[in-house]
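Asks: See entry.cif below, with mmCIF, C-alpha atoms.
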data_entry
#
loop_
_atom_site.label_atom_id
_atom_site.label_comp_id
_atom_site.auth_asym_id
_atom_site.auth_seq_id
_atom_site.Cartn_x
_atom_site.Cartn_y
_atom_site.Cartn_z
CA GLU A 26 -11.89 10.59 11.28
CA PRO A 27 -9.78 7.76 12.74
CA GLU A 28 -6.39 7.21 11.17
CA VAL A 29 -3.33 5.01 11.41
CA THR A 30 -0.39 6.75 13.03
CA GLN A 31 3.29 5.84 12.89
CA THR A 32 6.34 6.91 14.87
CA PRO A 33 8.95 8.06 14.27
CA SER A 34 8.49 9.77 10.93
CA HIS A 35 12.22 9.47 10.27
CA GLN A 36 14.77 7.09 11.74
CA VAL A 37 18.47 7.09 11.00
CA THR A 38 20.52 4.17 12.29
CA GLN A 39 23.89 2.52 11.87
CA MET A 40 24.21 -0.79 10.08
CA GLY A 41 23.88 -3.66 12.52
CA GLN A 42 21.73 -1.75 14.99
CA GLU A 43 18.24 -2.79 16.03
CA VAL A 44 15.30 -0.56 15.20
CA ILE A 45 11.69 -0.65 16.28
CA LEU A 46 9.06 1.04 14.18
CA ARG A 47 5.80 1.79 15.89
CA CYS A 48 2.24 1.97 14.63
CA VAL A 49 -1.12 2.65 16.22
CA PRO A 50 -3.79 1.05 14.02
CA ILE A 51 -7.39 2.19 13.87
CA SER A 52 -8.96 0.97 17.09
CA ASN A 53 -11.67 -1.40 15.86
CA HIS A 54 -9.59 -3.02 13.12
CA LEU A 55 -8.52 -6.63 13.47
CA TYR A 56 -5.97 -7.03 10.69
CA PHE A 57 -2.60 -5.33 10.70
CA TYR A 58 0.08 -5.11 8.06
CA TRP A 59 3.54 -3.84 7.33
CA TYR A 60 4.70 -2.85 3.86
CA ARG A 61 7.85 -1.20 2.64
CA GLN A 62 8.76 0.98 -0.31
CA ILE A 63 12.37 1.29 -1.33
CA LEU A 64 12.99 4.67 -2.95
CA GLY A 65 11.71 4.68 -6.51
CA GLN A 66 10.28 1.17 -6.31
CA LYS A 67 6.88 -0.39 -5.77
CA VAL A 68 5.24 -0.95 -2.42
CA GLU A 69 6.01 -4.46 -1.14
CA PHE A 70 4.12 -6.56 1.38
CA LEU A 71 6.08 -7.69 4.43
CA VAL A 72 3.67 -9.29 6.89
CA SER A 73 0.05 -9.53 7.98
CA PHE A 74 -1.07 -10.07 11.56
CA TYR A 75 -4.41 -11.28 12.84
CA ASN A 76 -5.59 -12.66 16.16
CA ASN A 77 -2.19 -12.08 17.73
CA GLU A 78 -0.24 -14.08 15.21
CA ILE A 79 1.32 -13.73 11.80
CA SER A 80 -1.15 -14.83 9.11
CA GLU A 81 1.12 -14.33 6.13
CA LYS A 82 4.64 -13.13 5.44
CA SER A 83 6.68 -12.46 2.36
CA GLU A 84 10.15 -13.75 1.56
CA ILE A 85 11.49 -10.33 2.53
CA PHE A 86 10.32 -10.94 6.10
CA ASP A 87 13.23 -13.12 7.21
CA ASP A 88 14.54 -13.92 10.69
CA GLN A 89 15.80 -10.35 11.09
CA PHE A 90 12.24 -9.10 11.21
CA SER A 91 9.61 -9.56 13.87
CA VAL A 92 6.25 -8.04 14.72
CA GLU A 93 4.48 -7.64 17.99
CA ARG A 94 1.30 -6.24 19.41
CA PRO A 95 2.59 -5.53 22.91
CA ASP A 96 -0.60 -3.97 24.19
CA GLY A 97 -4.10 -3.31 22.92
CA SER A 98 -3.13 -0.42 20.72
CA ASN A 99 0.42 -0.57 19.38
CA PHE A 100 1.75 -2.72 16.55
CA THR A 101 5.52 -2.79 16.13
CA LEU A 102 8.01 -3.92 13.51
CA LYS A 103 11.48 -4.80 14.77
CA ILE A 104 14.52 -5.19 12.57
CA ARG A 105 17.12 -6.99 14.63
CA SER A 106 20.32 -6.09 12.79
CA THR A 107 19.79 -3.52 10.08
CA LYS A 108 21.45 -3.71 6.68
CA LEU A 109 22.00 -0.97 4.14
CA GLU A 110 19.32 -2.49 1.94
CA ASP A 111 16.73 -2.08 4.72
CA SER A 112 16.67 1.63 3.95
CA ALA A 113 13.11 2.31 2.82
CA MET A 114 9.79 3.84 3.76
CA TYR A 115 7.89 1.47 6.01
CA PHE A 116 4.11 1.67 6.02
CA CYS A 117 1.78 0.23 8.59
CA ALA A 118 -1.81 -0.52 7.60
CA SER A 119 -4.90 -1.80 9.36
CA GLY A 120 -8.26 -3.02 8.16
CA GLY A 121 -9.37 -6.18 6.44
CA ALA A 122 -10.14 -7.74 3.08
CA ASN A 123 -12.31 -4.92 1.89
CA GLU A 124 -9.79 -2.18 2.45
CA GLN A 125 -6.63 -1.25 4.24
CA PHE A 126 -5.87 2.13 5.72
CA PHE A 127 -2.28 3.20 5.59
CA GLY A 128 -0.26 5.28 7.98
CA PRO A 129 2.02 8.10 6.81
CA GLY A 130 5.10 5.89 6.98
CA THR A 131 8.48 5.86 8.69
CA ARG A 132 11.48 6.66 6.56
CA LEU A 133 14.33 4.41 7.71
CA THR A 134 17.85 5.29 6.65
CA VAL A 135 20.61 2.80 7.42
CA LEU A 136 24.14 4.20 7.25
CA ALA B 11 0.37 -15.82 -7.16
CA GLN B 12 -1.14 -12.49 -7.97
CA SER B 13 0.43 -9.72 -9.96
CA VAL B 14 -0.42 -6.21 -11.10
CA THR B 15 0.90 -4.40 -14.14
CA GLN B 16 0.54 -0.68 -14.61
CA LEU B 17 1.27 0.42 -18.16
CA GLY B 18 3.14 3.68 -18.24
CA SER B 19 5.32 4.68 -15.32
CA HIS B 20 4.75 8.33 -16.23
CA VAL B 21 1.65 9.92 -17.72
CA SER B 22 1.38 13.59 -18.59
CA VAL B 23 -1.91 15.35 -19.31
CA SER B 24 -3.02 18.94 -19.67
CA GLU B 25 -5.27 20.48 -17.07
CA GLY B 26 -8.87 19.75 -18.03
CA ALA B 27 -7.96 16.71 -20.13
CA LEU B 28 -9.07 13.15 -19.56
CA VAL B 29 -6.96 11.08 -17.19
CA LEU B 30 -6.56 7.37 -17.99
CA LEU B 31 -4.24 5.23 -15.89
CA ARG B 32 -4.04 1.59 -16.88
CA CYS B 33 -3.98 -1.43 -14.61
CA ASN B 34 -4.05 -5.12 -15.48
CA TYR B 35 -3.98 -7.88 -12.93
CA SER B 36 -3.69 -11.61 -12.66
CA SER B 37 -5.39 -13.52 -9.90
CA SER B 38 -6.34 -17.13 -9.31
CA VAL B 39 -9.40 -16.09 -7.32
CA PRO B 40 -12.03 -13.38 -7.85
CA PRO B 41 -10.04 -10.26 -7.12
CA TYR B 42 -10.54 -7.37 -4.81
CA LEU B 43 -9.00 -4.38 -6.59
CA PHE B 44 -7.87 -1.01 -5.30
CA TRP B 45 -6.42 2.28 -6.45
CA TYR B 46 -4.29 4.27 -4.03
CA VAL B 47 -2.81 7.74 -4.47
CA GLN B 48 0.45 8.91 -2.93
CA TYR B 49 1.28 12.60 -2.78
CA PRO B 50 4.94 13.57 -2.32
CA ASN B 51 6.31 12.57 1.07
CA GLN B 52 2.95 11.22 2.20
CA GLY B 53 1.36 7.84 2.78
CA LEU B 54 -1.08 5.94 0.62
CA GLN B 55 -4.65 7.14 0.42
CA LEU B 56 -7.42 4.91 -0.87
CA LEU B 57 -9.07 6.36 -3.97
CA LEU B 58 -11.55 3.57 -4.68
CA LYS B 59 -12.06 -0.17 -4.49
CA TYR B 60 -13.88 -2.99 -6.22
CA THR B 61 -14.97 -6.01 -4.19
CA THR B 62 -18.22 -7.35 -5.61
CA GLY B 63 -21.30 -5.97 -7.33
CA ALA B 64 -21.29 -3.03 -9.70
CA THR B 65 -18.24 -3.09 -11.92
CA LEU B 66 -18.04 0.69 -12.29
CA VAL B 67 -16.89 2.14 -9.01
CA LYS B 68 -16.64 5.76 -8.06
CA GLY B 69 -14.07 7.12 -5.70
CA ILE B 70 -12.91 10.35 -4.20
CA ASN B 71 -11.82 13.44 -6.10
CA GLY B 72 -13.90 12.56 -9.17
CA PHE B 73 -12.03 9.36 -10.03
CA GLU B 74 -13.70 6.17 -11.16
CA ALA B 75 -12.59 2.75 -12.34
CA GLU B 76 -14.21 -0.11 -14.18
CA PHE B 77 -13.58 -3.77 -13.44
CA LYS B 78 -13.49 -5.77 -16.67
CA LYS B 79 -13.08 -9.44 -15.92
CA SER B 80 -12.72 -10.44 -19.57
CA GLU B 81 -9.80 -8.04 -19.98
CA THR B 82 -8.43 -8.53 -16.42
CA SER B 83 -8.29 -4.76 -16.20
CA PHE B 84 -9.17 -2.08 -13.67
CA HIS B 85 -8.29 1.20 -15.37
CA LEU B 86 -8.62 4.48 -13.49
CA THR B 87 -10.20 7.50 -15.15
CA LYS B 88 -11.12 11.07 -14.43
CA PRO B 89 -12.93 13.24 -17.00
CA SER B 90 -11.03 16.46 -16.28
CA ALA B 91 -7.59 16.67 -14.67
CA HIS B 92 -6.77 19.25 -12.03
CA MET B 93 -3.31 20.42 -11.07
CA SER B 94 -3.92 18.92 -7.63
CA ASP B 95 -4.19 15.44 -9.18
CA ALA B 96 -0.44 15.34 -9.77
CA ALA B 97 0.75 12.39 -7.69
CA GLU B 98 1.77 8.74 -7.88
CA TYR B 99 -1.05 6.25 -8.38
CA PHE B 100 -0.87 2.61 -7.39
CA CYS B 101 -3.17 -0.20 -8.42
CA ALA B 102 -3.34 -3.17 -6.06
CA VAL B 103 -5.02 -6.55 -5.75
CA SER B 104 -5.90 -8.26 -2.47
CA ASP B 105 -5.34 -11.95 -1.84
CA TYR B 106 -7.82 -13.04 0.78
CA ASN B 107 -6.27 -16.50 0.72
CA ALA B 108 -2.97 -15.04 1.89
CA GLY B 109 -3.68 -12.85 4.86
CA ASN B 110 -5.37 -10.22 2.68
CA MET B 111 -1.97 -9.05 1.51
CA LEU B 112 -1.99 -6.35 -1.13
CA THR B 113 0.11 -6.81 -4.25
CA PHE B 114 0.90 -3.46 -5.82
CA GLY B 115 1.72 -2.43 -9.33
CA GLY B 116 4.79 -0.39 -10.05
CA GLY B 117 2.92 2.89 -9.89
CA THR B 118 2.17 5.62 -12.41
CA ARG B 119 3.32 9.15 -11.85
CA LEU B 120 0.70 11.55 -13.15
CA MET B 121 1.88 14.98 -14.21
CA VAL B 122 -0.64 17.73 -15.00
CA LYS B 123 0.44 20.59 -17.23
CA PRO B 124 -1.21 24.00 -16.95
#
Translate the structure of the given file into C-alpha coordinates.
Replies:
Amino acid sequence: EPEVTQTPSHQVTQMGQEVILRCVPISNHLYFYWYRQILGQKVEFLVSFYNNEISEKSEIFDDQFSVERPDGSNFTLKIRSTKLEDSAMYFCASGGANEQFFGPGTRLTVL
Amino acid sequence: AQSVTQLGSHVSVSEGALVLLRCNYSSSVPPYLFWYVQYPNQGLQLLLKYTTGATLVKGINGFEAEFKKSETSFHLTKPSAHMSDAAEYFCAVSDYNAGNMLTFGGGTRLMVKP
(Lines of atoms letter the chains of each structure in order from A and count residues from 1; the text may use other names and numbers.)
(Lines give C-alpha, C1' and ligand atoms only; values in the text may rest on other atoms or scores of the structure.)
Protein backbone atom coordinates (compact mmCIF):
# COMPACT_ATOMS: atom_id res chain seq x y z
CA GLU A 1 0.00 0.00 0.00
CA PRO A 2 1.46 3.40 -0.93
CA GLU A 3 2.46 5.64 1.94
CA VAL A 4 3.93 9.04 2.67
CA THR A 5 7.54 8.88 3.80
CA GLN A 6 9.58 11.48 5.65
CA THR A 7 13.28 11.93 6.33
CA PRO A 8 14.98 12.24 8.68
CA SER A 9 12.96 10.75 11.51
CA HIS A 10 14.89 12.88 14.00
CA GLN A 11 16.80 16.11 13.47
CA VAL A 12 18.75 17.98 16.11
CA THR A 13 20.02 21.44 15.24
CA GLN A 14 21.44 24.54 16.83
CA MET A 15 19.36 27.70 17.10
CA GLY A 16 19.86 29.87 14.04
CA GLN A 17 20.73 27.00 11.73
CA GLU A 18 18.79 26.12 8.60
CA VAL A 19 17.01 22.79 8.37
CA ILE A 20 15.33 21.03 5.49
CA LEU A 21 12.72 18.40 6.18
CA ARG A 22 11.96 16.04 3.36
CA CYS A 23 8.82 14.22 2.33
CA VAL A 24 7.89 11.87 -0.48
CA PRO A 25 4.12 12.09 -0.99
CA ILE A 26 2.00 9.34 -2.50
CA SER A 27 2.75 9.43 -6.20
CA ASN A 28 -0.65 10.23 -7.72
CA HIS A 29 -1.65 12.84 -5.14
CA LEU A 30 -1.87 16.48 -6.15
CA TYR A 31 -2.21 18.25 -2.81
CA PHE A 32 0.59 18.43 -0.27
CA TYR A 33 0.64 19.73 3.27
CA TRP A 34 2.85 20.37 6.25
CA TYR A 35 1.59 20.30 9.82
CA ARG A 36 3.38 20.49 13.12
CA GLN A 37 2.70 19.23 16.61
CA ILE A 38 4.49 20.80 19.53
CA LEU A 39 4.90 18.27 22.33
CA GLY A 40 1.64 17.86 24.22
CA GLN A 41 -0.31 20.19 21.95
CA LYS A 42 -2.69 19.85 19.04
CA VAL A 43 -1.69 19.31 15.44
CA GLU A 44 -1.45 22.66 13.63
CA PHE A 45 -1.68 23.39 9.92
CA LEU A 46 1.31 25.14 8.37
CA VAL A 47 0.87 25.19 4.60
CA SER A 48 -0.87 23.56 1.66
CA PHE A 49 0.64 23.25 -1.80
CA TYR A 50 -1.09 22.57 -5.09
CA ASN A 51 -0.07 22.98 -8.72
CA ASN A 52 3.43 24.05 -7.72
CA GLU A 53 2.37 26.90 -5.52
CA ILE A 54 1.20 27.59 -2.00
CA SER A 55 -2.61 27.50 -1.84
CA GLU A 56 -2.97 28.37 1.82
CA LYS A 57 -0.71 29.10 4.78
CA SER A 58 -1.23 29.72 8.44
CA GLU A 59 0.10 32.59 10.52
CA ILE A 60 2.75 30.22 11.84
CA PHE A 61 4.19 29.94 8.33
CA ASP A 62 6.16 33.19 8.35
CA ASP A 63 9.12 34.31 6.25
CA GLN A 64 11.39 31.81 8.01
CA PHE A 65 9.52 28.96 6.37
CA SER A 66 9.44 27.90 2.75
CA VAL A 67 8.27 24.88 0.79
CA GLU A 68 9.45 23.45 -2.46
CA ARG A 69 8.77 20.58 -4.78
CA PRO A 70 12.22 20.38 -6.35
CA ASP A 71 11.48 17.37 -8.52
CA GLY A 72 8.52 15.16 -9.33
CA SER A 73 8.61 13.27 -6.08
CA ASN A 74 10.01 15.23 -3.14
CA PHE A 75 8.27 17.93 -1.11
CA THR A 76 10.45 19.87 1.31
CA LEU A 77 9.96 22.24 4.21
CA LYS A 78 12.82 24.63 4.93
CA ILE A 79 13.22 26.60 8.12
CA ARG A 80 15.75 29.31 7.41
CA SER A 81 16.91 30.21 10.92
CA THR A 82 15.56 27.89 13.56
CA LYS A 83 14.29 29.09 16.92
CA LEU A 84 13.83 27.15 20.13
CA GLU A 85 10.07 27.29 19.65
CA ASP A 86 10.37 25.49 16.30
CA SER A 87 11.01 22.28 18.23
CA ALA A 88 8.12 20.01 17.28
CA MET A 89 7.05 16.99 15.28
CA TYR A 90 6.55 17.97 11.67
CA PHE A 91 4.13 15.94 9.59
CA CYS A 92 3.86 15.89 5.84
CA ALA A 93 0.57 14.83 4.26
CA SER A 94 -0.69 14.32 0.74
CA GLY A 95 -4.12 13.81 -0.75
CA GLY A 96 -7.05 16.11 -1.30
CA ALA A 97 -10.33 17.31 0.14
CA ASN A 98 -11.66 13.86 0.84
CA GLU A 99 -8.72 12.69 2.89
CA GLN A 100 -5.13 13.32 3.71
CA PHE A 101 -2.53 10.66 4.32
CA PHE A 102 0.11 11.50 6.86
CA GLY A 103 3.73 10.54 7.03
CA PRO A 104 5.36 9.28 10.23
CA GLY A 105 6.80 12.70 11.03
CA THR A 106 10.18 14.28 11.68
CA ARG A 107 10.98 15.20 15.24
CA LEU A 108 12.91 18.48 15.17
CA THR A 109 14.81 19.51 18.28
CA VAL A 110 16.35 22.98 18.34
CA LEU A 111 19.03 23.51 21.00
CA ALA B 1 -12.94 30.14 10.59
CA GLN B 2 -13.40 26.56 11.57
CA SER B 3 -12.82 25.05 14.96
CA VAL B 4 -13.00 21.66 16.63
CA THR B 5 -13.60 20.92 20.28
CA GLN B 6 -12.96 17.54 21.82
CA LEU B 7 -14.52 17.18 25.25
CA GLY B 8 -12.28 15.27 27.58
CA SER B 9 -8.54 15.29 27.06
CA HIS B 10 -8.35 11.89 28.77
CA VAL B 11 -10.89 9.08 28.70
CA SER B 12 -10.47 5.82 30.56
CA VAL B 13 -12.56 2.72 29.88
CA SER B 14 -12.37 -0.92 30.86
CA GLU B 15 -11.60 -3.53 28.25
CA GLY B 16 -14.87 -4.60 26.64
CA ALA B 17 -16.68 -1.38 27.56
CA LEU B 18 -18.17 1.13 25.18
CA VAL B 19 -15.85 3.81 23.86
CA LEU B 20 -17.32 7.28 23.29
CA LEU B 21 -15.07 10.15 22.26
CA ARG B 22 -16.79 13.47 21.73
CA CYS B 23 -16.19 15.98 18.97
CA ASN B 24 -18.02 19.21 18.19
CA TYR B 25 -17.14 21.48 15.33
CA SER B 26 -17.97 24.84 13.89
CA SER B 27 -17.85 25.49 10.19
CA SER B 28 -19.25 28.12 7.87
CA VAL B 29 -19.58 25.59 5.06
CA PRO B 30 -20.81 21.98 4.98
CA PRO B 31 -17.99 20.19 6.74
CA TYR B 32 -15.81 17.29 5.84
CA LEU B 33 -15.04 15.56 9.14
CA PHE B 34 -12.33 13.11 10.09
CA TRP B 35 -11.08 11.04 12.99
CA TYR B 36 -7.39 10.20 13.17
CA VAL B 37 -5.58 7.95 15.63
CA GLN B 38 -2.01 8.43 16.79
CA TYR B 39 -0.16 5.63 18.54
CA PRO B 40 2.88 6.55 20.64
CA ASN B 41 5.76 7.87 18.55
CA GLN B 42 3.87 7.33 15.32
CA GLY B 43 2.12 9.44 12.72
CA LEU B 44 -1.58 10.03 12.21
CA GLN B 45 -3.69 7.24 10.78
CA LEU B 46 -7.11 7.91 9.32
CA LEU B 47 -9.83 6.03 11.20
CA LEU B 48 -12.85 7.28 9.27
CA LYS B 49 -14.27 10.26 7.44
CA TYR B 50 -17.57 11.94 6.62
CA THR B 51 -17.89 13.90 3.39
CA THR B 52 -21.43 13.55 2.08
CA GLY B 53 -24.18 10.95 2.11
CA ALA B 54 -24.82 8.55 4.96
CA THR B 55 -24.33 10.25 8.30
CA LEU B 56 -23.23 7.09 10.09
CA VAL B 57 -19.78 6.18 8.88
CA LYS B 58 -17.79 3.10 9.69
CA GLY B 59 -14.05 3.03 9.92
CA ILE B 60 -11.22 0.69 10.68
CA ASN B 61 -10.79 -1.33 13.86
CA GLY B 62 -14.53 -1.39 14.60
CA PHE B 63 -14.92 2.36 15.09
CA GLU B 64 -17.81 4.38 13.78
CA ALA B 65 -18.99 7.97 13.99
CA GLU B 66 -22.23 9.78 13.35
CA PHE B 67 -22.50 13.22 11.79
CA LYS B 68 -25.28 15.20 13.47
CA LYS B 69 -25.69 18.55 11.77
CA SER B 70 -28.24 19.83 14.28
CA GLU B 71 -25.81 19.21 17.14
CA THR B 72 -22.66 20.08 15.11
CA SER B 73 -21.19 16.86 16.45
CA PHE B 74 -19.19 13.94 15.10
CA HIS B 75 -18.70 11.63 18.07
CA LEU B 76 -16.58 8.49 17.74
CA THR B 77 -17.77 5.20 19.19
CA LYS B 78 -16.74 1.60 19.48
CA PRO B 79 -18.96 -1.01 21.15
CA SER B 80 -16.18 -2.91 22.90
CA ALA B 81 -12.75 -1.52 23.75
CA HIS B 82 -9.58 -3.52 23.24
CA MET B 83 -6.27 -2.90 24.94
CA SER B 84 -4.83 -2.11 21.51
CA ASP B 85 -7.18 0.87 21.19
CA ALA B 86 -5.13 2.84 23.71
CA ALA B 87 -3.90 5.85 21.76
CA GLU B 88 -4.54 9.54 21.11
CA TYR B 89 -7.54 10.35 18.94
CA PHE B 90 -7.93 13.54 16.96
CA CYS B 91 -11.06 14.91 15.36
CA ALA B 92 -10.55 17.26 12.41
CA VAL B 93 -12.55 19.35 9.97
CA SER B 94 -11.46 20.19 6.43
CA ASP B 95 -11.86 23.63 4.90
CA TYR B 96 -12.08 23.20 1.16
CA ASN B 97 -12.21 26.97 0.78
CA ALA B 98 -8.76 27.25 2.35
CA GLY B 99 -6.52 24.81 0.58
CA ASN B 100 -8.25 21.83 2.21
CA MET B 101 -6.42 22.56 5.44
CA LEU B 102 -7.35 20.37 8.37
CA THR B 103 -8.21 22.00 11.68
CA PHE B 104 -7.67 19.58 14.53
CA GLY B 105 -9.17 19.31 17.96
CA GLY B 106 -6.97 19.09 21.00
CA GLY B 107 -7.03 15.32 21.04
CA THR B 108 -8.35 12.73 23.49
CA ARG B 109 -6.06 10.20 25.05
CA LEU B 110 -7.90 6.90 25.42
CA MET B 111 -6.73 4.57 28.15
CA VAL B 112 -8.03 1.00 28.33
CA LYS B 113 -7.91 -0.81 31.65
CA PRO B 114 -7.70 -4.61 31.79
Asks: Show me the residues around (-5.0, 11.6, -16.8) - criterion: an atom at most 12 Å away, all atoms listed in the file counted - as an MDAnalysis selection string.
Replies: chainID B and resid 18 20:32 72:74 85:99 118:123
Asks: Distance limit 9 Å, atoms considered: all atoms listed in the file. Which chain B residues sit that close to chain A? Return them as an MDAnalysis selection string.
Replies: chainID B and resid 42 44 51:56 59:61 100 104:106 108:117
Asks: When you draw a straight line from atom CA of A:Thr107 to atom CA of A:Glu43, how long is it in Å?
Replies: 6.2 Å
Asks: Around all the atoms of stretch 37-51 of chain B listed in the file, draw an axis-aligned box and extend it by 4 Å on each of the six sides; I want its centre and edge lengths in Å to one decimal, as JSON.
Replies:
{"center_x": -2.9, "center_y": -1.8, "center_z": -4.4, "size_x": 26.3, "size_y": 38.7, "size_z": 19.0}
Asks: So the first atom is atom CA of A:Phe86 and the second is atom CA of A:Leu46; what is the distance between them in Å, to one decimal place?
Replies: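 Between atom CA of A:Phe86 and atom CA of A:Leu46 the gap is 14.5 Å.
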Asks: Determine the residue membership of the PyMOL selection byres ((chain B and resi 40) around 12) for the file above and supply it as a ChimeraX atom specification.
Replies: /B:12,35-39,41-43,60-63,77-79,82,103-107
Asks: Of the residues A:Arg61, A:His54, A:Arg47, A:Lys108, which is the one nearest to A:Val92, using only C-alpha atoms?
Replies: A:Arg47
Asks: Please determine, counting all atoms listed in the file, which residue among A:Glu78, A:Gln89, A:Ala113, A:Glu26 has the shortest atom-to-atom distance to A:Gln42.
Replies: A:Gln89
Asks: Please compute the atom CA of A:Ser98-atom CA of A:Pro33 distance, one decimal, in Å.
Replies: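 Interatomic distance, atom CA of A:Ser98 to atom CA of A:Pro33: 16.1 Å.
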Asks: Please work out which residues fall within 12 Å of (18.9, -7.0, 8.4), coordinates as given in the file, with only C-alpha atoms counting, and return them as JSON, numbers by chain.
Replies: {"A": [38, 39, 40, 41, 42, 43, 44, 85, 86, 87, 88, 89, 90, 91, 103, 104, 105, 106, 107, 108, 109, 110, 111, 112, 135]}
Asks: Here is a test: counting all atoms listed in the file, which residue of B:Leu17, B:Cys33, B:Glu81, B:Cys101 is nearest to B:Leu58?
Replies: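 So, comparing all the options, the nearest one is B:Cys101.
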